[in-house]
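Q: Please read through the structure below; I'll follow up with questions.
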Amino acid sequence: MMTMEDRDGFIWMDGKWVDWREAKVHVLTHTLHYGMGAFEGVRAYETSDGPAIFKLEKHTERLFNSARILGMDIPFDADTLNQAQREVVIKNNLNSAYIRPMCFYGSEGMGLRADNLKVHVMIAAWEWGSYLGEDNMKNGIRIRTSSYIRHFAHPSLSGAKMNGNYINSMMALKEAQDHGFDEALMLDVDGFVSEGSGENIFVIKDEVIYTPHLTSALPGITRDTIFTLAKSLEYKIVEKKISCDDIYTADEAFFTGTAAEVTPIRDLDGKQIGIGSRGLITAKLQSLYFDCVHGRNDEYLHWIENGRCS
C-alpha cells in the first residue's frame, strides 16, 4: 500500500519546491502538539483544456480568513499561493487532483505562546477519487447520528477551517464506521443538525431544499455553490433549524464538500430516506455540479478559469 509519505512528486514548502519524500517537519513542530493551524481542501478537475482548479480564489480567500481568525500571519500573498496551487498540479503530472494547502506553526518554540513562532506554508496535491466511494455517488450513503457534538470553543472560530477542530469529526466518523455506517451526522449543542464529519448537509421535502444555519457549521464553498445551482434550477433553499425527524421524513438528503462533492444520503440511523437511493433533485444538482467543475457549462466557466493549470 502506498503511504502518503512514500510517493514520487513535489511539494511546495515556504516558497520552494521540495522532493515529496523530503517534505518533512520536526517532531517538536508546534502545530503537531497544540493543533493551531489552518488548511484548505481544493480540487482540480480534468477539462477539455487540461486540469483546472474549482473556485481557486475562494478557497485561498478562506485560508487567509481562517488564518486571520486564528491570528496567524501568512508570509505569502494570495497570488503566490494561487500560482503554487496551479503549479503543484502540473509538477505532479495530475489530470485531476485533491490539493491541500496548510499554514502551521513551526518548531521555533514550545508552550502555548505563539508570538515567537514562524508561520510555515505547504501545498501538496495528489490523485484522489470520490471521497465517499463511486457507487455511493449514485446509490447514496448510510449515516448515523453521532454522540459527538459539533461545537466550537468560541463562536468566531466556527468560520475557520482549522486543524484542531477536526478531532470531534474523526471521533464521530470512527464511531459511525464502527457501527457499520459510512458517515456521521453531528448535532449542535442544542440538538439540532449541524453537519457531517466534514460535509455540509441539505434536506429536501416537497421540492424545497433545506440546510442548517451556519452557527455551528463551516461555511462550505461547495455549499455556497449549491445555493447558486439550485436557484438556476428554480428550486428554493431555506436555512433553518433542522432536527433528525426532519431528515427521517425527508424526500431526499445529500452531503456537500470539496472532498464529498455532492453525495446522496439513503438512510439515517437505519431509517430509509425517500426512495432509499439518490433522489431526482439530488441527481439534477449533482449532474449540474459535475458539468460546472469539468468545464462543460459555459455559464459557470468563471468558476474554473482562474484555476487553469497551464
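Naming works like this for the C-alpha cells: A, B, ... for the chains as they're shown, residue 1 at the start of each chain, ligands 1 onward in shown order.
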Any idea what's packed within 9 Å of stretch 266-278 of chain A, counting only C-alpha atoms, ignoring anything in its chain fewer than 4 positions away? Could you give it as a list in words?
A: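 What passes the distance filter is Asn136, Met137, Lys138, Asn139, Gly140, Ile141, Arg142, Ile143, Arg144, Thr145, Phe181, Leu185, Cys244, Ile247, Tyr248, Thr249, Ala250, Asp251, Glu252, Ala253, Phe254, Thr282 and Ala283 of chain A.
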Q: Write to file, as a CSV table (one decimal), in the first residue's frame, the residues of the selection just made, with N, CA and C atoms.
A:
```
chain,number,residue,atom,x,y,z
A,136,ASN,N,-21.5,5.0,-4.1
A,136,ASN,CA,-22.3,5.8,-3.2
A,136,ASN,C,-22.8,7.2,-3.8
A,137,MET,N,-22.1,7.6,-4.9
A,137,MET,CA,-22.5,8.8,-5.6
A,137,MET,C,-23.8,8.6,-6.3
A,138,LYS,N,-24.1,7.4,-6.6
A,138,LYS,CA,-25.4,7.0,-7.2
A,138,LYS,C,-26.4,6.5,-6.2
A,139,ASN,N,-25.9,5.5,-5.4
A,139,ASN,CA,-26.8,4.8,-4.5
A,139,ASN,C,-27.1,5.5,-3.2
A,140,GLY,N,-26.2,6.4,-2.8
A,140,GLY,CA,-26.3,7.1,-1.5
A,140,GLY,C,-25.6,6.3,-0.4
A,141,ILE,N,-25.3,7.1,0.7
A,141,ILE,CA,-24.6,6.5,1.8
A,141,ILE,C,-25.5,6.4,3.0
A,142,ARG,N,-25.1,5.6,4.0
A,142,ARG,CA,-25.8,5.4,5.2
A,142,ARG,C,-25.1,6.2,6.3
A,143,ILE,N,-25.8,7.0,7.0
A,143,ILE,CA,-25.2,7.8,8.1
A,143,ILE,C,-25.8,7.6,9.4
A,144,ARG,N,-25.1,7.9,10.5
A,144,ARG,CA,-25.5,7.7,11.9
A,144,ARG,C,-25.4,8.9,12.7
A,145,THR,N,-26.4,9.2,13.5
A,145,THR,CA,-26.4,10.4,14.4
A,145,THR,C,-25.3,10.1,15.4
A,181,PHE,N,-21.8,2.1,9.5
A,181,PHE,CA,-22.3,3.2,8.7
A,181,PHE,C,-21.2,3.8,7.9
A,185,LEU,N,-23.5,12.0,11.3
A,185,LEU,CA,-24.3,13.2,11.4
A,185,LEU,C,-24.0,13.9,12.7
A,244,CYS,N,-33.4,15.7,13.5
A,244,CYS,CA,-33.2,14.4,12.9
A,244,CYS,C,-34.6,13.9,12.4
A,247,ILE,N,-35.1,14.8,8.9
A,247,ILE,CA,-34.3,14.0,7.9
A,247,ILE,C,-35.0,12.7,7.7
A,248,TYR,N,-35.5,12.1,8.8
A,248,TYR,CA,-36.2,10.8,8.7
A,248,TYR,C,-37.4,10.9,7.8
A,249,THR,N,-38.0,12.0,7.7
A,249,THR,CA,-39.3,12.1,6.9
A,249,THR,C,-39.0,12.9,5.6
A,250,ALA,N,-37.8,13.1,5.3
A,250,ALA,CA,-37.5,13.9,4.1
A,250,ALA,C,-37.7,13.0,2.8
A,251,ASP,N,-37.8,13.7,1.7
A,251,ASP,CA,-37.8,13.0,0.4
A,251,ASP,C,-36.4,12.7,-0.1
A,252,GLU,N,-35.5,13.5,0.2
A,252,GLU,CA,-34.1,13.3,-0.2
A,252,GLU,C,-33.2,14.0,0.8
A,253,ALA,N,-31.9,13.7,0.8
A,253,ALA,CA,-30.9,14.3,1.6
A,253,ALA,C,-29.6,14.1,0.9
A,254,PHE,N,-28.6,15.1,1.0
A,254,PHE,CA,-27.3,14.9,0.5
A,254,PHE,C,-26.3,15.7,1.2
A,282,THR,N,-31.6,15.7,-6.1
A,282,THR,CA,-30.2,15.5,-5.8
A,282,THR,C,-29.4,15.1,-7.1
A,283,ALA,N,-30.0,14.3,-7.9
A,283,ALA,CA,-29.4,13.9,-9.2
A,283,ALA,C,-29.2,15.1,-10.1
```
Q: Give me the residues within 8 Å of stretch 156-168 of chain A as a PyMOL selection string, counting only C-alpha atoms and dropping any in the same chain fewer than 5 places off.
A: chain A and resi 34-40+62-63+65-67+69-70+148-150+197+215-219
Q: DSSP on the backbone: what in stretch 59-296 of chain A comes out alpha helix (DSSP H), as an MDAnalysis selection string?
A: chainID A and resid 59:70 78:91 134:139 167:178 221:232 244:248 280:293
Q: Can I get the selection written as a PDB file, in the first residue's frame, with C-alpha atoms?
A:
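Result file out.pdb:
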```
ATOM      1  CA  HIS A  59     -10.502  28.632  -1.313  1.00  0.00           C
ATOM      2  CA  THR A  60      -7.407  30.770  -0.900  1.00  0.00           C
ATOM      3  CA  GLU A  61      -9.521  33.602   0.475  1.00  0.00           C
ATOM      4  CA  ARG A  62     -10.987  31.228   3.058  1.00  0.00           C
ATOM      5  CA  LEU A  63      -7.489  30.048   4.019  1.00  0.00           C
ATOM      6  CA  PHE A  64      -6.447  33.635   4.693  1.00  0.00           C
ATOM      7  CA  ASN A  65      -9.670  34.280   6.607  1.00  0.00           C
ATOM      8  CA  SER A  66      -9.109  31.185   8.759  1.00  0.00           C
ATOM      9  CA  ALA A  67      -5.549  32.260   9.498  1.00  0.00           C
ATOM     10  CA  ARG A  68      -6.717  35.780  10.320  1.00  0.00           C
ATOM     11  CA  ILE A  69      -9.294  34.453  12.784  1.00  0.00           C
ATOM     12  CA  LEU A  70      -6.510  32.442  14.454  1.00  0.00           C
ATOM     13  CA  ALA A  78      -2.788  35.226  -2.232  1.00  0.00           C
ATOM     14  CA  ASP A  79      -1.394  35.446  -5.770  1.00  0.00           C
ATOM     15  CA  THR A  80       1.681  33.462  -4.729  1.00  0.00           C
ATOM     16  CA  LEU A  81      -0.399  30.705  -3.143  1.00  0.00           C
ATOM     17  CA  ASN A  82      -2.798  30.601  -6.097  1.00  0.00           C
ATOM     18  CA  GLN A  83       0.079  30.149  -8.525  1.00  0.00           C
ATOM     19  CA  ALA A  84       1.694  27.493  -6.344  1.00  0.00           C
ATOM     20  CA  GLN A  85      -1.588  25.545  -6.340  1.00  0.00           C
ATOM     21  CA  ARG A  86      -1.744  25.684 -10.132  1.00  0.00           C
ATOM     22  CA  GLU A  87       1.874  24.577 -10.408  1.00  0.00           C
ATOM     23  CA  VAL A  88       1.610  21.731  -7.895  1.00  0.00           C
ATOM     24  CA  VAL A  89      -0.901  20.027 -10.199  1.00  0.00           C
ATOM     25  CA  ILE A  90       1.383  20.366 -13.220  1.00  0.00           C
ATOM     26  CA  LYS A  91       4.617  19.416 -11.424  1.00  0.00           C
ATOM     27  CA  GLU A 134     -18.078   5.933  -6.590  1.00  0.00           C
ATOM     28  CA  ASP A 135     -21.068   3.616  -6.014  1.00  0.00           C
ATOM     29  CA  ASN A 136     -22.310   5.839  -3.209  1.00  0.00           C
ATOM     30  CA  MET A 137     -22.479   8.825  -5.565  1.00  0.00           C
ATOM     31  CA  LYS A 138     -25.424   7.049  -7.212  1.00  0.00           C
ATOM     32  CA  ASN A 139     -26.848   4.796  -4.541  1.00  0.00           C
ATOM     33  CA  ILE A 167     -10.772  15.864  16.450  1.00  0.00           C
ATOM     34  CA  ASN A 168     -14.504  15.551  17.132  1.00  0.00           C
ATOM     35  CA  SER A 169     -15.064  14.836  13.443  1.00  0.00           C
ATOM     36  CA  MET A 170     -12.558  11.990  13.482  1.00  0.00           C
ATOM     37  CA  MET A 171     -14.154  10.501  16.590  1.00  0.00           C
ATOM     38  CA  ALA A 172     -17.627  10.853  15.084  1.00  0.00           C
ATOM     39  CA  LEU A 173     -16.599   9.185  11.830  1.00  0.00           C
ATOM     40  CA  LYS A 174     -14.910   6.294  13.645  1.00  0.00           C
ATOM     41  CA  GLU A 175     -17.997   5.789  15.808  1.00  0.00           C
ATOM     42  CA  ALA A 176     -20.233   5.680  12.723  1.00  0.00           C
ATOM     43  CA  GLN A 177     -17.982   3.263  10.858  1.00  0.00           C
ATOM     44  CA  ASP A 178     -17.647   1.037  13.917  1.00  0.00           C
ATOM     45  CA  ILE A 221     -17.640  26.621  -0.707  1.00  0.00           C
ATOM     46  CA  THR A 222     -19.483  23.677  -2.258  1.00  0.00           C
ATOM     47  CA  ARG A 223     -22.461  24.561  -0.038  1.00  0.00           C
ATOM     48  CA  ASP A 224     -22.448  28.063  -1.486  1.00  0.00           C
ATOM     49  CA  THR A 225     -22.195  26.595  -4.985  1.00  0.00           C
ATOM     50  CA  ILE A 226     -25.341  24.528  -4.406  1.00  0.00           C
ATOM     51  CA  PHE A 227     -27.235  27.711  -3.467  1.00  0.00           C
ATOM     52  CA  THR A 228     -26.356  29.136  -6.889  1.00  0.00           C
ATOM     53  CA  LEU A 229     -27.116  25.954  -8.816  1.00  0.00           C
ATOM     54  CA  ALA A 230     -30.427  25.340  -7.031  1.00  0.00           C
ATOM     55  CA  LYS A 231     -31.544  28.865  -7.867  1.00  0.00           C
ATOM     56  CA  SER A 232     -30.631  28.314 -11.524  1.00  0.00           C
ATOM     57  CA  CYS A 244     -33.244  14.386  12.934  1.00  0.00           C
ATOM     58  CA  ASP A 245     -37.003  13.876  12.492  1.00  0.00           C
ATOM     59  CA  ASP A 246     -36.880  16.280   9.548  1.00  0.00           C
ATOM     60  CA  ILE A 247     -34.336  14.001   7.901  1.00  0.00           C
ATOM     61  CA  TYR A 248     -36.183  10.782   8.746  1.00  0.00           C
ATOM     62  CA  LEU A 280     -34.403  13.287  -8.532  1.00  0.00           C
ATOM     63  CA  ILE A 281     -33.432  16.760  -7.291  1.00  0.00           C
ATOM     64  CA  THR A 282     -30.159  15.499  -5.846  1.00  0.00           C
ATOM     65  CA  ALA A 283     -29.359  13.892  -9.196  1.00  0.00           C
ATOM     66  CA  LYS A 284     -30.060  17.150 -11.043  1.00  0.00           C
ATOM     67  CA  LEU A 285     -27.836  19.169  -8.723  1.00  0.00           C
ATOM     68  CA  GLN A 286     -25.115  16.542  -8.802  1.00  0.00           C
ATOM     69  CA  SER A 287     -25.116  16.416 -12.608  1.00  0.00           C
ATOM     70  CA  LEU A 288     -25.032  20.210 -12.929  1.00  0.00           C
ATOM     71  CA  TYR A 289     -22.244  20.425 -10.346  1.00  0.00           C
ATOM     72  CA  PHE A 290     -20.050  17.989 -12.265  1.00  0.00           C
ATOM     73  CA  ASP A 291     -20.759  19.796 -15.528  1.00  0.00           C
ATOM     74  CA  CYS A 292     -19.530  23.003 -13.893  1.00  0.00           C
ATOM     75  CA  VAL A 293     -16.339  21.660 -12.330  1.00  0.00           C
TER      76      VAL A 293
END
```
Q: Name the residues of stretch 61-190 of chain A that come out as strand (DSSP E) in a backbone DSSP run; write them as a list in words.
A: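 Reading the DSSP output for stretch 61-190 of chain A, strand (DSSP E) covers Ala97, Tyr98, Ile99, Arg100, Pro101, Met102, Cys103, Phe104, Tyr105, Val119, His120, Val121, Met122, Ile123, Ala124, Ala125, Trp126, Ile141, Arg142, Ile143, Arg144, Thr145, Glu183, Ala184, Leu185, Met186 and Leu187 of chain A.
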Q: Rounded to one decimal, what separation in Å do you get between atom CA of A:Val208 and atom CA of A:Asp190?
A: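 We find that atom CA of A:Val208 and atom CA of A:Asp190 lie 24.1 Å from each other.
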Q: Quick one: pull the distance between atom CA of A:Gly279 and atom CA of A:Ser147, Å, one decimal.
A: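 Pair atom CA of A:Gly279 / atom CA of A:Ser147 returns 27.7 Å.
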Q: Compile the contact shell of A:Ser48 as a list in words: residues with an atom at most 9 Å away, counting only C-alpha atoms, same-chain residues fewer than 3 positions apart removed.
A: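 Once the nearby chain positions are removed, what remains is Pro51, His294, Gly295 and Arg296 of chain A.
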Q: Closest to A:Asp115 among A:Glu183, A:Glu46, A:Glu5, A:Asp73, using only C-alpha atoms?
A: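 Nearest to A:Asp115: A:Asp73.
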Q: My list of candidates is A:Met122, A:Val193, A:Leu117, A:Met110. Which is closest to A:Val25 when distances are computed with only C-alpha atoms?
A: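 Closest to A:Val25 of all the choices is A:Met122.
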Q: Just checking: using only C-alpha atoms, which residue out of A:Asp14, A:Asp182, A:Asp49, A:Ser130 ends up closest to A:Gly106?
A: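 Selected residue with least distance to A:Gly106: A:Asp14.
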Q: When distances are computed from only C-alpha atoms, which of A:Gly111, A:Gly180, A:Gly307, A:Gly191 shows the smallest separation from A:Ile53?
A: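 Ranking A:Gly111, A:Gly180, A:Gly307, A:Gly191 by distance to A:Ile53, first place goes to A:Gly307.
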